[in-house]
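*Asks:* Got coords03.cif for you, mmCIF, C-alpha atoms:
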data_work
#
loop_
_atom_site.label_atom_id
_atom_site.label_comp_id
_atom_site.auth_asym_id
_atom_site.auth_seq_id
_atom_site.Cartn_x
_atom_site.Cartn_y
_atom_site.Cartn_z
CA MET A 275 18.32 57.71 16.70
CA ARG A 276 18.17 54.05 15.75
CA VAL A 277 17.97 51.70 18.69
CA ASP A 278 16.83 48.44 17.18
CA PRO A 279 15.31 48.83 13.73
CA LEU A 280 15.85 45.15 12.93
CA THR A 281 13.42 44.20 15.65
CA ALA A 282 11.23 47.30 15.74
CA GLY A 283 8.37 45.55 14.00
CA ARG A 284 8.47 47.61 10.82
CA SER A 285 7.09 45.35 8.14
CA SER A 286 8.65 44.98 4.71
CA PRO A 287 8.03 42.58 1.85
CA PRO A 288 10.14 39.40 1.84
CA PHE A 289 13.46 39.91 0.14
CA ASP A 290 13.60 38.70 -3.44
CA LEU A 291 16.98 38.24 -5.14
CA ASP A 292 15.57 39.13 -8.55
CA ARG A 293 14.17 42.34 -7.13
CA GLY A 294 17.58 43.03 -5.60
CA GLY A 295 19.15 42.54 -9.00
CA MET A 296 16.73 45.01 -10.54
CA LEU A 297 17.57 47.54 -7.86
CA ASN A 298 21.23 46.97 -8.48
CA SER A 299 20.75 47.67 -12.18
CA HIS A 300 18.97 50.90 -11.28
CA PHE A 301 21.84 52.00 -9.02
CA ARG A 302 24.44 51.28 -11.68
CA THR A 303 22.71 53.32 -14.35
CA THR A 304 21.17 56.26 -12.49
CA PHE A 305 23.41 57.14 -9.53
CA THR A 306 25.16 60.33 -10.49
CA TYR A 307 25.25 62.26 -7.21
CA TRP A 308 25.33 60.12 -4.12
CA THR A 309 26.22 62.43 -1.30
CA HIS A 310 24.59 65.76 -0.51
CA ILE A 311 27.61 67.79 0.54
CA GLY A 312 27.74 71.46 1.38
CA VAL A 313 29.74 73.99 3.33
CA ASP A 314 28.19 75.52 6.41
CA GLY A 315 30.39 78.02 8.24
CA GLY A 316 33.49 76.47 6.72
CA LEU A 317 32.58 72.93 7.81
CA LEU A 318 31.76 70.05 5.52
CA THR A 319 28.16 68.90 5.99
CA TYR A 320 26.34 65.89 4.56
CA GLU A 321 23.19 63.83 4.67
CA LEU A 322 22.16 60.45 3.32
CA SER A 323 20.46 60.85 -0.05
CA ASP A 324 17.37 58.91 -1.08
CA ASP A 325 19.65 56.60 -3.05
CA HIS A 326 21.76 55.93 0.04
CA LYS A 327 18.60 55.13 1.97
CA SER A 328 17.48 52.74 -0.78
CA ILE A 329 20.81 50.91 -0.50
CA GLN A 330 20.46 50.88 3.28
CA ASP A 331 16.96 49.39 3.08
CA LEU A 332 17.99 46.78 0.53
CA VAL A 333 21.07 45.65 2.46
CA ARG A 334 19.17 45.64 5.76
CA ARG A 335 16.57 43.27 4.32
CA VAL A 336 19.22 41.08 2.70
CA ALA A 337 21.13 40.93 5.98
CA ARG A 338 18.03 40.07 8.00
CA GLU A 339 16.48 37.57 5.61
CA LYS A 340 19.47 35.96 3.88
CA VAL A 341 22.56 36.47 6.02
CA ALA A 342 21.63 36.42 9.72
CA ALA A 343 20.80 32.71 9.76
CA ARG A 344 24.31 31.87 8.51
CA ALA A 345 26.31 34.10 10.85
CA ASP A 346 26.85 31.71 13.76
CA GLU A 347 27.72 28.80 11.50
CA ILE A 348 30.32 30.82 9.58
CA ASP A 349 31.91 31.85 12.87
CA ARG A 350 31.79 28.35 14.36
CA THR A 351 33.20 26.45 11.38
CA ALA A 352 35.61 29.19 10.21
CA GLU A 353 34.85 28.11 6.65
CA TYR A 354 34.93 30.64 3.83
CA PRO A 355 31.30 31.68 3.12
CA GLN A 356 31.23 31.20 -0.64
CA ASP A 357 27.43 31.37 -0.61
CA MET A 358 27.58 34.85 0.93
CA PHE A 359 30.16 35.92 -1.66
CA GLU A 360 27.84 34.77 -4.43
CA LEU A 361 24.96 36.65 -2.83
CA LEU A 362 26.94 39.89 -2.73
CA ARG A 363 28.14 39.38 -6.28
CA GLY A 364 24.61 38.72 -7.52
CA LEU A 365 23.46 41.99 -5.99
CA GLY A 366 26.36 43.92 -7.51
CA LEU A 367 27.41 45.29 -4.12
CA PHE A 368 31.13 44.88 -4.73
CA ALA A 369 30.91 47.80 -7.16
CA LEU A 370 29.68 50.39 -4.66
CA PRO A 371 32.83 52.51 -4.14
CA PHE A 372 34.31 52.03 -7.61
CA PRO A 373 34.25 54.88 -10.15
CA PRO A 374 31.65 54.48 -12.93
CA GLU A 375 34.36 53.93 -15.56
CA TYR A 376 35.30 50.69 -13.79
CA GLY A 377 31.76 49.44 -13.33
CA GLY A 378 31.02 51.10 -10.00
CA THR A 379 28.84 53.83 -8.56
CA GLY A 380 31.52 55.92 -6.88
CA SER A 381 30.49 56.30 -3.23
CA THR A 382 32.51 55.53 -0.12
CA LEU A 383 29.55 56.61 2.01
CA ALA A 384 27.33 54.02 0.31
CA ALA A 385 30.02 51.42 0.94
CA CYS A 386 30.05 52.33 4.64
CA VAL A 387 26.26 52.06 4.86
CA ALA A 388 26.37 48.58 3.31
CA VAL A 389 29.22 47.32 5.50
CA GLU A 390 27.51 48.62 8.64
CA GLU A 391 24.24 46.87 7.85
CA PHE A 392 25.92 43.52 7.17
CA GLY A 393 28.13 43.94 10.25
CA ARG A 394 25.01 44.19 12.42
CA VAL A 395 24.21 40.54 11.75
CA CYS A 396 27.41 38.98 10.36
CA TYR A 397 30.84 40.54 10.57
CA ASN A 398 32.26 38.01 8.12
CA THR A 399 29.81 38.86 5.34
CA GLY A 400 30.62 42.55 5.71
CA TYR A 401 34.29 41.60 5.67
CA LEU A 402 33.84 40.04 2.23
CA LEU A 403 33.14 43.54 0.93
CA VAL A 404 36.04 45.13 2.79
CA VAL A 405 38.73 42.70 1.60
CA GLN A 406 37.50 43.20 -1.97
CA TRP A 407 37.88 46.95 -1.57
CA THR A 408 41.24 47.06 0.24
CA PRO A 409 43.38 46.59 -2.92
CA PHE A 410 41.04 48.80 -4.95
CA GLY A 411 42.16 52.13 -3.48
CA ALA A 412 45.84 51.39 -3.95
CA ILE A 413 45.39 50.32 -7.57
CA LEU A 414 43.20 53.31 -8.34
CA ALA A 415 45.74 55.74 -6.88
CA GLY A 416 49.02 54.19 -7.97
CA GLY A 417 48.26 51.88 -10.87
CA THR A 418 48.85 52.42 -14.56
CA GLU A 419 45.86 52.58 -16.86
CA ALA A 420 46.65 49.06 -18.04
CA GLN A 421 46.72 47.79 -14.44
CA LYS A 422 43.44 49.51 -13.67
CA GLN A 423 41.73 48.08 -16.74
CA ARG A 424 43.02 44.60 -15.96
CA LEU A 425 41.98 44.47 -12.31
CA LEU A 426 39.39 47.05 -11.29
CA PRO A 427 36.41 45.90 -13.39
CA GLY A 428 36.89 42.35 -12.10
CA LEU A 429 37.10 43.50 -8.49
CA ALA A 430 33.96 45.59 -8.95
CA SER A 431 32.00 42.71 -10.45
CA GLY A 432 33.35 40.00 -8.15
CA GLU A 433 34.93 38.10 -11.03
CA LEU A 434 38.31 38.72 -9.39
CA ARG A 435 39.31 38.53 -5.74
CA GLY A 436 42.25 40.43 -4.31
CA ALA A 437 44.31 40.69 -1.13
CA LEU A 438 46.81 43.10 0.41
CA SER A 439 49.92 41.94 2.27
CA LEU A 440 51.95 44.36 4.39
CA THR A 441 52.56 42.67 7.75
CA GLU A 442 55.66 40.59 8.52
CA PRO A 443 56.68 38.63 11.63
CA GLN A 444 58.92 41.46 12.84
CA SER A 445 56.93 44.43 11.53
CA GLY A 446 53.21 45.09 11.77
CA SER A 447 52.51 48.74 12.40
CA ASP A 448 56.09 49.60 11.42
CA VAL A 449 55.68 49.23 7.67
CA SER A 450 59.09 50.80 7.07
CA GLY A 451 60.64 47.81 8.86
CA ILE A 452 59.57 45.20 6.33
CA LYS A 453 62.31 42.89 5.06
CA THR A 454 60.71 41.29 2.01
CA THR A 455 62.77 42.39 -1.01
CA ALA A 456 62.06 42.88 -4.70
CA ARG A 457 65.40 42.87 -6.55
CA ARG A 458 65.28 44.36 -10.02
CA THR A 459 66.42 42.20 -12.94
CA ALA A 460 66.56 42.75 -16.67
CA ASP A 461 62.99 41.49 -17.09
CA GLY A 462 61.31 42.46 -13.83
CA TYR A 463 61.81 41.64 -10.16
CA VAL A 464 62.62 38.69 -7.91
CA LEU A 465 60.72 38.57 -4.60
CA ASN A 466 62.14 36.99 -1.44
CA GLY A 467 60.82 37.09 2.11
CA ALA A 468 57.81 36.19 4.26
CA LYS A 469 54.52 37.81 5.24
CA ILE A 470 51.88 37.03 7.87
CA TRP A 471 48.18 37.81 8.30
CA ALA A 472 47.54 38.20 4.57
CA THR A 473 43.74 38.14 4.69
CA ASN A 474 41.95 36.58 1.72
CA SER A 475 45.26 35.42 0.24
CA ASP A 476 44.45 31.71 -0.09
CA ILE A 477 41.46 32.40 -2.35
CA ALA A 478 42.61 35.63 -4.02
CA ASP A 479 43.43 35.81 -7.72
CA PHE A 480 46.16 38.34 -6.96
CA ILE A 481 47.87 39.85 -3.91
CA LEU A 482 49.31 43.34 -3.49
CA VAL A 483 52.63 42.71 -1.74
CA ALA A 484 54.74 45.39 -0.07
CA ALA A 485 58.48 44.89 -0.59
CA LYS A 486 61.71 46.86 -0.39
CA THR A 487 62.77 47.50 -3.96
CA GLN A 488 66.45 46.93 -4.77
CA ASP A 489 68.61 47.59 -7.81
CA PRO A 490 70.40 44.63 -9.45
CA GLN A 491 73.33 45.01 -7.02
CA GLY A 492 71.02 44.90 -3.99
CA ALA A 493 71.03 48.60 -3.10
CA ALA A 494 67.77 49.79 -1.51
CA LEU A 495 65.52 52.04 -3.62
CA GLY A 496 62.45 52.37 -1.39
CA ILE A 497 59.19 50.49 -0.79
CA ASN A 498 56.70 49.51 -3.47
CA LEU A 499 53.56 47.45 -3.80
CA PHE A 500 53.68 44.67 -6.38
CA ILE A 501 50.80 42.85 -8.05
CA VAL A 502 51.54 39.15 -7.54
CA ASP A 503 49.29 36.60 -9.21
CA ARG A 504 48.20 33.79 -6.91
CA ASP A 505 49.78 31.09 -9.10
CA THR A 506 53.20 32.80 -9.33
CA GLN A 507 56.00 30.25 -9.13
CA GLY A 508 57.97 30.77 -5.92
CA LEU A 509 54.93 31.98 -3.92
CA THR A 510 53.63 29.65 -1.22
CA VAL A 511 50.51 30.42 0.80
CA GLY A 512 50.70 28.86 4.26
CA ARG A 513 48.04 27.39 6.51
CA LYS A 514 45.27 29.73 7.56
CA GLU A 515 45.30 31.09 11.10
CA ASP A 516 42.80 29.87 13.71
CA LYS A 517 41.53 33.30 14.73
CA MET A 518 39.59 34.60 17.72
CA GLY A 519 37.30 36.69 15.51
CA ALA A 520 36.75 37.42 11.82
CA ARG A 521 36.95 33.65 11.50
CA GLY A 522 35.19 33.18 8.17
CA ILE A 523 37.70 35.15 6.09
CA PRO A 524 41.09 33.38 6.06
CA SER A 525 44.36 35.04 7.02
CA CYS A 526 47.50 33.21 5.96
CA PRO A 527 51.29 33.58 5.91
CA LEU A 528 53.03 34.02 2.56
CA PHE A 529 56.48 32.80 1.57
CA PHE A 530 58.46 34.13 -1.41
CA ASP A 531 61.38 32.07 -2.68
CA ASN A 532 62.85 33.70 -5.79
CA ALA A 533 59.36 34.50 -7.06
CA VAL A 534 59.78 36.11 -10.49
CA ILE A 535 57.35 38.89 -11.48
CA SER A 536 57.29 41.26 -14.43
CA ALA A 537 58.22 44.96 -14.35
CA GLU A 538 54.56 45.71 -15.16
CA SER A 539 53.64 44.23 -11.77
CA ARG A 540 55.07 47.21 -9.88
CA LEU A 541 52.45 49.65 -8.62
CA GLY A 542 53.47 53.28 -9.05
CA PRO A 543 56.94 54.77 -9.60
CA GLU A 544 59.89 52.75 -8.38
CA GLY A 545 60.91 53.59 -4.82
CA GLY A 546 59.23 55.35 -1.93
CA GLU A 547 57.04 57.65 -3.99
CA GLY A 548 55.10 54.73 -5.43
CA PHE A 549 54.38 53.33 -1.98
CA LYS A 550 53.43 56.77 -0.65
CA VAL A 551 50.76 57.11 -3.34
CA ALA A 552 49.36 53.70 -2.53
CA MET A 553 49.36 54.29 1.23
CA GLU A 554 47.49 57.56 0.77
CA ALA A 555 44.79 55.59 -1.04
CA LEU A 556 44.49 53.23 1.94
CA ASN A 557 43.53 56.28 4.01
CA THR A 558 40.39 56.59 1.92
CA SER A 559 39.34 53.05 2.82
CA ARG A 560 39.67 53.60 6.58
CA PRO A 561 36.07 54.84 6.99
CA ILE A 562 34.90 51.53 5.49
CA VAL A 563 36.94 49.64 8.10
CA ALA A 564 35.38 51.86 10.77
CA ALA A 565 31.89 51.13 9.43
CA ARG A 566 32.41 47.47 10.37
CA ALA A 567 32.86 48.57 13.97
CA VAL A 568 29.66 50.63 13.88
CA GLY A 569 27.84 47.57 12.58
CA ILE A 570 29.21 45.42 15.40
CA ALA A 571 28.13 47.97 18.00
CA GLN A 572 24.62 48.35 16.56
CA GLY A 573 24.22 44.60 16.24
CA ALA A 574 25.26 44.12 19.87
CA ILE A 575 22.65 46.69 20.87
CA ASP A 576 19.99 44.92 18.78
CA HIS A 577 20.60 41.60 20.54
CA THR A 578 20.90 43.14 24.00
CA VAL A 579 17.69 45.16 23.81
CA LYS A 580 15.75 42.07 22.82
CA TYR A 581 17.33 39.97 25.56
CA ILE A 582 16.85 42.35 28.48
CA GLN A 583 13.24 43.03 27.48
CA GLU A 584 12.49 39.30 27.64
CA ARG A 585 14.65 38.33 30.65
CA ARG A 586 13.13 38.83 34.09
CA ALA A 587 14.61 39.14 37.59
CA PHE A 588 12.99 40.03 40.92
CA GLY A 589 9.63 40.14 39.19
CA HIS A 590 10.63 42.71 36.58
CA ALA A 591 12.08 42.75 33.08
CA ILE A 592 15.82 43.50 33.16
CA SER A 593 15.06 46.48 30.91
CA ASP A 594 13.09 48.10 33.78
CA PHE A 595 16.15 48.43 36.03
CA GLN A 596 17.74 51.86 35.92
CA GLY A 597 21.28 50.48 35.83
CA ALA A 598 20.52 48.53 32.67
CA ARG A 599 18.69 51.45 31.08
CA TRP A 600 21.65 53.77 31.65
CA MET A 601 24.00 51.22 30.10
CA ILE A 602 21.79 51.00 27.02
CA ALA A 603 21.59 54.79 26.83
CA ASP A 604 25.39 55.03 26.80
CA MET A 605 25.72 52.23 24.24
CA VAL A 606 23.26 53.93 21.87
CA THR A 607 24.81 57.37 22.32
CA GLN A 608 28.35 56.17 21.71
CA THR A 609 27.33 54.16 18.66
CA GLU A 610 25.49 57.08 17.11
CA ALA A 611 28.50 59.33 17.71
CA ALA A 612 30.73 56.78 15.99
CA ARG A 613 28.29 56.46 13.09
CA GLN A 614 28.24 60.21 12.48
CA LEU A 615 32.04 60.42 12.56
CA VAL A 616 32.34 57.54 10.09
CA TYR A 617 29.70 58.91 7.73
CA ARG A 618 31.18 62.41 7.76
CA THR A 619 34.66 61.03 7.00
CA ALA A 620 33.24 58.95 4.15
CA ALA A 621 31.53 62.06 2.80
CA MET A 622 34.91 63.83 2.87
CA VAL A 623 36.37 61.04 0.74
CA ASP A 624 33.49 61.37 -1.72
CA ALA A 625 34.07 65.13 -1.82
CA GLY A 626 37.69 64.59 -2.87
CA VAL A 627 39.39 65.48 0.43
CA THR A 628 42.85 63.86 0.65
CA GLY A 629 46.23 64.14 2.31
CA LYS A 630 46.71 65.86 5.65
CA ALA A 631 43.08 67.00 5.75
CA LEU A 632 41.78 63.43 5.51
CA ALA A 633 44.38 61.40 7.43
CA PRO A 634 43.48 62.48 11.00
CA MET A 635 39.75 62.24 10.32
CA ALA A 636 40.16 58.73 8.91
CA ALA A 637 42.27 57.77 11.92
CA MET A 638 39.68 59.22 14.33
CA ALA A 639 36.88 57.32 12.62
CA LYS A 640 38.68 53.99 12.79
CA CYS A 641 40.01 54.47 16.31
CA PHE A 642 36.84 55.83 17.90
CA ALA A 643 34.42 53.48 16.16
CA SER A 644 36.39 50.34 17.04
CA ASP A 645 36.88 51.45 20.66
CA VAL A 646 33.13 52.07 20.85
CA ALA A 647 32.44 48.64 19.36
CA MET A 648 34.62 47.02 22.01
CA LYS A 649 32.99 48.95 24.86
CA VAL A 650 29.46 48.36 23.59
CA ALA A 651 30.13 44.65 23.06
CA THR A 652 31.66 44.39 26.54
CA ASP A 653 28.62 46.04 28.13
CA ALA A 654 26.35 43.82 26.05
CA VAL A 655 28.03 40.68 27.40
CA GLN A 656 27.64 42.10 30.92
CA LEU A 657 23.91 42.67 30.41
CA PHE A 658 23.54 39.11 29.13
CA GLY A 659 25.11 37.86 32.36
CA ALA A 660 26.16 34.21 32.33
CA ALA A 661 24.41 33.79 28.99
CA GLY A 662 26.90 36.24 27.50
CA VAL A 663 29.74 33.75 27.76
CA SER A 664 27.69 30.88 26.37
CA ALA A 665 27.99 29.83 22.74
CA GLU A 666 24.20 29.45 22.77
CA TYR A 667 23.91 33.21 22.31
CA PRO A 668 25.65 35.16 19.52
CA ILE A 669 26.72 38.10 21.68
CA ASN A 670 30.14 36.58 22.41
CA ARG A 671 30.77 36.61 18.64
CA TYR A 672 30.30 40.39 18.61
CA PHE A 673 32.73 40.70 21.52
CA ARG A 674 35.43 38.70 19.71
CA ASP A 675 34.95 40.50 16.40
CA ALA A 676 35.10 43.91 18.10
CA LYS A 677 38.53 43.16 19.53
CA VAL A 678 39.79 42.26 16.07
CA VAL A 679 38.78 45.64 14.62
CA GLN A 680 40.78 47.47 17.31
CA ILE A 681 43.92 45.78 15.99
CA ILE A 682 43.67 45.22 12.24
CA GLU A 683 44.11 47.80 9.47
CA GLY A 684 46.36 49.87 11.72
CA THR A 685 46.19 49.43 15.50
CA ASN A 686 44.38 52.09 17.47
CA GLN A 687 47.69 53.14 19.01
CA ILE A 688 48.95 53.97 15.50
CA GLN A 689 45.72 55.83 14.76
CA ARG A 690 46.28 57.91 17.90
CA ASN A 691 49.80 58.72 16.70
CA ILE A 692 48.35 60.00 13.43
CA ILE A 693 45.76 62.11 15.25
CA ALA A 694 48.27 63.54 17.71
CA GLY A 695 50.73 64.26 14.91
CA SER A 696 48.12 66.32 13.09
CA VAL A 697 47.89 68.59 16.14
CA LEU A 698 51.36 68.47 17.70
CA GLY A 699 53.59 67.59 14.78
CA LYS A 700 55.98 64.66 14.77
CA ALA A 701 57.38 63.54 18.11
CA ALA A 702 61.04 64.35 18.72
CA LYS A 703 63.42 61.45 18.12
#
In structure tokens, write the structure found in this file.
*Replies:*
Amino acid sequence: MRVDPLTAGRSSPPFDLDRGGMLNSHFRTTFTYWTHIGVDGGLLTYELSDDHKSIQDLVRRVAREKVAARADEIDRTAEYPQDMFELLRGLGLFALPFPPEYGGTGSTLAACVAVEEFGRVCYNTGYLLVVQWTPFGAILAGGTEAQKQRLLPGLASGELRGALSLTEPQSGSDVSGIKTTARRTADGYVLNGAKIWATNSDIADFILVAAKTQDPQGAALGINLFIVDRDTQGLTVGRKEDKMGARGIPSCPLFFDNAVISAESRLGPEGGEGFKVAMEALNTSRPIVAARAVGIAQGAIDHTVKYIQERRAFGHAISDFQGARWMIADMVTQTEAARQLVYRTAAMVDAGVTGKALAPMAAMAKCFASDVAMKVATDAVQLFGAAGVSAEYPINRYFRDAKVVQIIEGTNQIQRNIIAGSVLGKAAK
């Protein structure tokens, strides 16, 4: 059980970027079997390998020594943290979940470990990894070999930045209700419509855009994702939102006015089957989203433990009062439960589990971990007392970021529908 390893006094040598680069080179060339996976009584079991633990140690030191000092400023200014992006790129961390043939090391579990450790000190820096990986799964699952070769190596190295755009003003969770259209022409498609909350879109080199595909006469064919280059004529990226949390990574509206794209920009077969393939791939990224929530929860615990051990009332440290101790016990227990659910789901992805076997587990991981993050952050603010609502302390940042994770990448109500459907079947209409 890890209560507060960032402040537990365990000494480690100062972080050195060159040393990190050397470690990164080692991971790229020698990682061949990341996750120890076995079957025990019919259940999938796992444990973190030595290589996972090396990644965990590296990222923990980077987060503590290079990232933590920037976290409050990134949140306060809501400016894109280009310095943090360069740090991640220099360490080669963008490559973690990518298959070796595209420059990666092939481990969703390793990706979760990294995102969690960054999330403990700076949600936005962890988010830089997540937004880079969101388009990856869809391209890997539904893209042609030419599309994969064009985009995946650049995403893995950080030479390219991507974004995914599904949400529209009238349809968030209801993806089938989108109204953006892609009408087929002799040479490709013409996009028309509007999107909102397209995270990373104003700095991305390309955006995966969900649209209803139409034949030349306007008849509906289904939903597809399309690879739209950032400089496509007819695409306008609107002003970034002023968000409550996740403030350092921009989310913007998109407007398509007869934006012309090539036929080679379509991801997967034309119609619903292409979108189904891509959406299945997004399931595999859900544990990574959930890992952000685990990081928020653990970071809130780290700050709270330190605060209540130093703060005194009625002649005693706050940490001596039974009420506070029970709150911490619950926070730690819930966070560890969320961590194990997230790690096990990531191990399932690495083991090749897909479809109906993966979907409810991925939904449980995202739903439970983000609800835990919100509860833990709420209790942390309570234990801080009046200081919890002051900008002088970072705990309010964890509270705001936790609420964001309950909503984005599929609201927790939608996740509960997926979970219930796996047990009860679809609800009667």
*Asks:* So what does the PyMOL selection byres ((chain A and resi 616) around 9) actually pick up in this one, as an MDAnalysis selection string?
*Replies:* chainID A and resid 383 386 561:562 564:565 568 611:615 617:621 635:636 638:640 643
*Asks:* Kindly indicate which residue among A:Glu547, A:Glu390, A:Asp576, A:Asp653 lies nearest to Ile497 (chain A), using all atoms listed in the file for the distances.
*Replies:*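 The answer is A:Glu547, which sits nearest to Ile497 (chain A).
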*Asks:* Measure the distance from CA of Asn557 (chain A) to CA of Gln356 (chain A) in Å and round it to one decimal.
*Replies:* 28.3 Å
*Asks:* With a distance cut-off of 8 Å and only C-alpha atoms, select the neighbouring residues of Val678 (chain A), excluding the residue or stretch itself and same-chain residues fewer than 3 positions from it, and output the selection as a CSV table (one decimal) with C-alpha atoms, in the frame of the given file.
*Replies:*
chain,number,residue,atom,x,y,z
A,518,MET,CA,39.6,34.6,17.7
A,519,GLY,CA,37.3,36.7,15.5
A,520,ALA,CA,36.8,37.4,11.8
A,674,ARG,CA,35.4,38.7,19.7
A,675,ASP,CA,35.0,40.5,16.4
A,681,ILE,CA,43.9,45.8,16.0
A,682,ILE,CA,43.7,45.2,12.2
*Asks:* Taking all atoms listed in the file into account, name the residue in A:Glu538, A:Glu683, A:Glu544, A:Asp349 that is nearest to Gln421 (chain A).
*Replies:* A:Glu538
*Asks:* Find, counting all atoms listed in the file, the residue in A:Leu426, A:Leu657, A:Ala574, A:Ala412 that gets nearest to Ser593 (chain A).
*Replies:*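 Using all atoms listed in the file, the shortest distance to Ser593 (chain A) belongs to A:Leu657.
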*Asks:* Give me the residues within 10 Å of region 407-411 of chain A as a PyMOL selection string, counting only C-alpha atoms and dropping any in the same chain fewer than 3 places off.
*Replies:* chain A and resi 368-372+385+401-404+414-417+422+425-426+429-430+435-439+480-482+501+551-560+562-563+683
*Asks:* Taking every listed atom of region 612-630 of chain A and adding 5 Å to each side, what centre and edge lengths in Å (one decimal) does the axis-aligned box have, as lines of an AutoDock Vina configuration file?
*Replies:*
center_x = 37.5
center_y = 61.2
center_z = 6.6
size_x = 28.5
size_y = 19.4
size_z = 28.9
*Asks:* Quick one: of A:Cys396, A:Ala637, A:Leu361, A:Ala625, who's nearest to Ala676 (chain A), counting only C-alpha atoms?
*Replies:*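 Among A:Cys396, A:Ala637, A:Leu361, A:Ala625, it is A:Cys396 that comes nearest to Ala676 (chain A).
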*Asks:* List every protein, DNA or RNA residue with an atom no more than 9 Å from (66.6, 43.8, 8.1) in the file's coordinates, counting only C-alpha atoms, and format the result as an MDAnalysis selection string.
*Replies:* chainID A and resid 451:454
*Asks:* Measure the distance from CA of Tyr463 (chain A) to CA of Ala533 (chain A) in Å and round it to one decimal.
*Replies:* 8.2 Å
*Asks:* What residues come out when you apply the PyMOL selection byres ((chain A and resi 464) around 7) to this file, written as number ranges by chain?
*Replies:* A: 456-458, 463, 465-466, 532-535
*Asks:* Have a look at CA of Val627 (chain A) and CA of Glu610 (chain A) and let me know their distance in Å, one decimal.
*Replies:* 23.3 Å
